[in-house]
Amino acid sequence: MKVAFIYPGQGAQYAGMGKEIYQKYQEAREIFERADEALGFSISELCFEGPEEELMKTENTQPAILTVSVALTKVLQKRGINAEVTAGLSLGEYSSLVLAEALDFEDAVRLVKNRGKYMQEVVPQGVGTMAAILGLENEVVEEICRTVSQVGKVEPANYNCPGQLVISGEVKAVEKAVELAKEKGAKRAVVLAVSAPFHCSMLKKAGELLERDLEKIEIKDLKIPVVSNVTADYASKDQVKDLLIKQVSHPVLWEQSVKRMIEDGVDTFVEIGPGKTLTGFVKKIDKTKNAYNFEDEESLLKTLSALGV
């Protein structure tokens, strides 16, 4: 069995996440306490109690999900379950880098708070949006984006799994692309309830702002391989900062990243953090592989039993 830990990104959050595990496991509690101290406010309380509208603010969502993911990881590791490789979707890549010990947890949690703030601020609300296109080949969606580019900016943002590509850009252009996708026979094409056009060139400025923060941070040797969103390949220590800067405005090659891990022998994926979106993606990418998720006590017991622990 070759195990990969995979980590969710923004959109997976909900009030109450991590609470049960925090109450039950000392090693998880320590991570929440370290996050509160690093941020100077109680992100734990926000994870457990909400309010929902505060938790939904990008600059809170990102450190909240990272904290939950890292706390849950400690619980698995304490039970002797470790990964041989890791990847995370967008924000989730920071959890992977913490797992690989390339990034200190405290540095990561402060970084992603700022990352969320920059991503929100560089494009005024209402200017950009995203849409999910289901049931079309990637090439068809890429062609639609090129066709619509005379209306405005629209680009592929997330290659999630076969037949699911998220696009990102200016509102008018995204709406036009959705129309075209429906004409081309998409099963579904829906504008998403997001606050910014993530992972497209409109967010280049956010990457530049993040670069200033990254300059002050030390990246250490990676203890386990991390597959990067930008390249769908393994990141070397020297590439990490550059890839994190690019990641903000580049498409997330999630489907390609999972395929890369499978090619290298991964047969078991454990999604760690709120929700089970990535578990679903893995099943769509290759249904012969095992995929489990861990977000609460119930899913922990199921995953442990499936892994024979």
# chains A, B, ... in the order shown; residues from 1 in each chain; ligands from 1

$ residues_around --residues "Val171 in chain A" --least-positions-apart "4" --cutoff "9 Å" --atoms "only C-alpha atoms" --output "list in words"
Gly126, Val127, Gly128, Thr129, Met130, Gly152, Lys153, Val154, Glu175, Lys176 and Pro197 of chain A

$ write_last_selection --atoms "all heavy atoms" --output "compact mmCIF listing (two decimals), in the first residue's frame"
# COMPACT_ATOMS: atom_id res chain seq x y z
N GLY A 126 -17.45 41.78 -7.03
CA GLY A 126 -18.39 42.03 -8.12
C GLY A 126 -17.73 42.16 -9.49
O GLY A 126 -18.40 42.20 -10.51
N VAL A 127 -16.40 42.22 -9.53
CA VAL A 127 -15.69 42.38 -10.81
C VAL A 127 -15.41 41.02 -11.45
O VAL A 127 -15.52 40.84 -12.65
CB VAL A 127 -14.37 43.17 -10.61
CG1 VAL A 127 -13.54 43.17 -11.89
CG2 VAL A 127 -14.67 44.59 -10.18
N GLY A 128 -15.04 40.06 -10.59
CA GLY A 128 -14.69 38.74 -11.11
C GLY A 128 -15.52 37.65 -10.49
O GLY A 128 -16.13 37.84 -9.43
N THR A 129 -15.55 36.49 -11.16
CA THR A 129 -16.26 35.34 -10.60
C THR A 129 -15.69 34.04 -11.18
O THR A 129 -14.73 34.08 -11.94
CB THR A 129 -17.79 35.44 -10.85
OG1 THR A 129 -18.46 34.45 -10.08
CG2 THR A 129 -18.15 35.28 -12.32
N MET A 130 -16.30 32.92 -10.82
CA MET A 130 -15.87 31.62 -11.33
C MET A 130 -17.10 30.81 -11.70
O MET A 130 -18.20 31.10 -11.24
CB MET A 130 -15.06 30.88 -10.25
CG MET A 130 -13.82 31.62 -9.81
SD MET A 130 -12.95 30.81 -8.43
CE MET A 130 -12.06 29.51 -9.30
N GLY A 152 -13.94 39.58 -22.53
CA GLY A 152 -13.22 39.89 -21.29
C GLY A 152 -12.36 38.71 -20.91
O GLY A 152 -12.31 37.70 -21.62
N LYS A 153 -11.73 38.83 -19.77
CA LYS A 153 -10.79 37.81 -19.33
C LYS A 153 -11.53 36.60 -18.77
O LYS A 153 -12.35 36.74 -17.87
CB LYS A 153 -9.91 38.43 -18.26
CG LYS A 153 -8.54 37.81 -18.15
CD LYS A 153 -7.61 38.66 -17.30
CE LYS A 153 -6.97 39.74 -18.15
NZ LYS A 153 -5.75 40.27 -17.73
N VAL A 154 -11.23 35.41 -19.28
CA VAL A 154 -11.74 34.17 -18.67
C VAL A 154 -10.74 33.04 -18.97
O VAL A 154 -10.25 32.93 -20.10
CB VAL A 154 -13.18 33.81 -19.12
CG1 VAL A 154 -13.26 33.64 -20.64
CG2 VAL A 154 -13.69 32.57 -18.43
N GLU A 175 -19.91 34.63 -17.59
CA GLU A 175 -21.32 34.37 -17.93
C GLU A 175 -21.47 33.95 -19.39
O GLU A 175 -22.24 33.04 -19.72
CB GLU A 175 -22.18 35.61 -17.61
CG GLU A 175 -22.38 35.79 -16.10
CD GLU A 175 -23.03 37.13 -15.73
OE1 GLU A 175 -23.13 38.01 -16.61
OE2 GLU A 175 -23.42 37.26 -14.54
N LYS A 176 -20.74 34.61 -20.26
CA LYS A 176 -20.77 34.28 -21.69
C LYS A 176 -20.23 32.85 -21.92
O LYS A 176 -20.80 32.08 -22.70
CB LYS A 176 -19.93 35.31 -22.47
CG LYS A 176 -19.90 35.12 -23.97
CD LYS A 176 -21.24 35.48 -24.61
CE LYS A 176 -21.24 35.15 -26.09
NZ LYS A 176 -22.59 34.88 -26.59
N PRO A 197 -12.16 35.97 -8.44
CA PRO A 197 -11.81 35.07 -9.55
C PRO A 197 -10.48 34.37 -9.27
O PRO A 197 -9.44 34.76 -9.77
CB PRO A 197 -11.69 36.02 -10.74
CG PRO A 197 -11.24 37.31 -10.13
CD PRO A 197 -11.81 37.38 -8.74

$ closest_atom_pairs --of "range 160-237 of chain A" --to "range 7-21 of chain A" --cutoff "12 Å" --atoms "only C-alpha atoms" --output "JSON lines"
{"residue": "A:Asn160", "atom": "CA", "partner": "A:Pro8", "partner_atom": "CA", "distance": 11.7}
{"residue": "A:Leu192", "atom": "CA", "partner": "A:Gly11", "partner_atom": "CA", "distance": 10.5}
{"residue": "A:Ala193", "atom": "CA", "partner": "A:Gly11", "partner_atom": "CA", "distance": 9.7}
{"residue": "A:Val194", "atom": "CA", "partner": "A:Gly11", "partner_atom": "CA", "distance": 8.7}
{"residue": "A:Ser195", "atom": "CA", "partner": "A:Gly11", "partner_atom": "CA", "distance": 10.9}
{"residue": "A:Ala196", "atom": "CA", "partner": "A:Gln10", "partner_atom": "CA", "distance": 11.8}
{"residue": "A:Phe198", "atom": "CA", "partner": "A:Gln10", "partner_atom": "CA", "distance": 10.3}
{"residue": "A:Val226", "atom": "CA", "partner": "A:Tyr7", "partner_atom": "CA", "distance": 11.5}
{"residue": "A:Val227", "atom": "CA", "partner": "A:Tyr7", "partner_atom": "CA", "distance": 11.6}
{"residue": "A:Asn229", "atom": "CA", "partner": "A:Gly9", "partner_atom": "CA", "distance": 11.6}

$ select_by_dssp --residues "range 106-268 of chain A" --states "helix (DSSP H, G or I)" --output "MDAnalysis selection string"
chainID A and resid 106:121 138:148 171:183 201:215 237:247 254:263

$ atom_distance --atom1 "CA of Val191 in chain A" --atom2 "CA of Val248 in chain A"
20.0 Å

$ closest_residue --among "A:Arg110, A:Val141, A:Glu263, A:Gly308" --to "Ile217 in chain A" --atoms "only C-alpha atoms"
A:Arg110

$ closest_residue --among "A:Leu214, A:Val123, A:Val178, A:Leu134" --to "Asp107 in chain A" --atoms "only C-alpha atoms"
A:Leu214

$ closest_residue --among "A:Leu66, A:Val3, A:Ala83, A:Val140" --to "Gly185 in chain A" --atoms "only C-alpha atoms"
A:Val140

$ atom_distance --atom1 "CA of Gly207 in chain A" --atom2 "CA of Met119 in chain A"
8.2 Å

$ residues_around --residues "Thr277 in chain A" --least-positions-apart "2" --cutoff "12 Å" --atoms "only C-alpha atoms" --output "count of residues only"
30

$ atom_distance --atom1 "CA of Arg29 in chain A" --atom2 "CA of Ser299 in chain A"
18.4 Å

$ closest_residue --among "A:Gly265, A:Lys204, A:Gln120, A:Ala102" --to "Asp238 in chain A" --atoms "only C-alpha atoms"
A:Ala102

$ residues_around --residues "Lys74 in chain A" --least-positions-apart "4" --cutoff "12 Å" --atoms "only C-alpha atoms" --output "VMD selection string"
chain A and resid 21 to 22 25 to 32 67 to 70 78 to 83 95 98 to 99 105 272 to 273 294
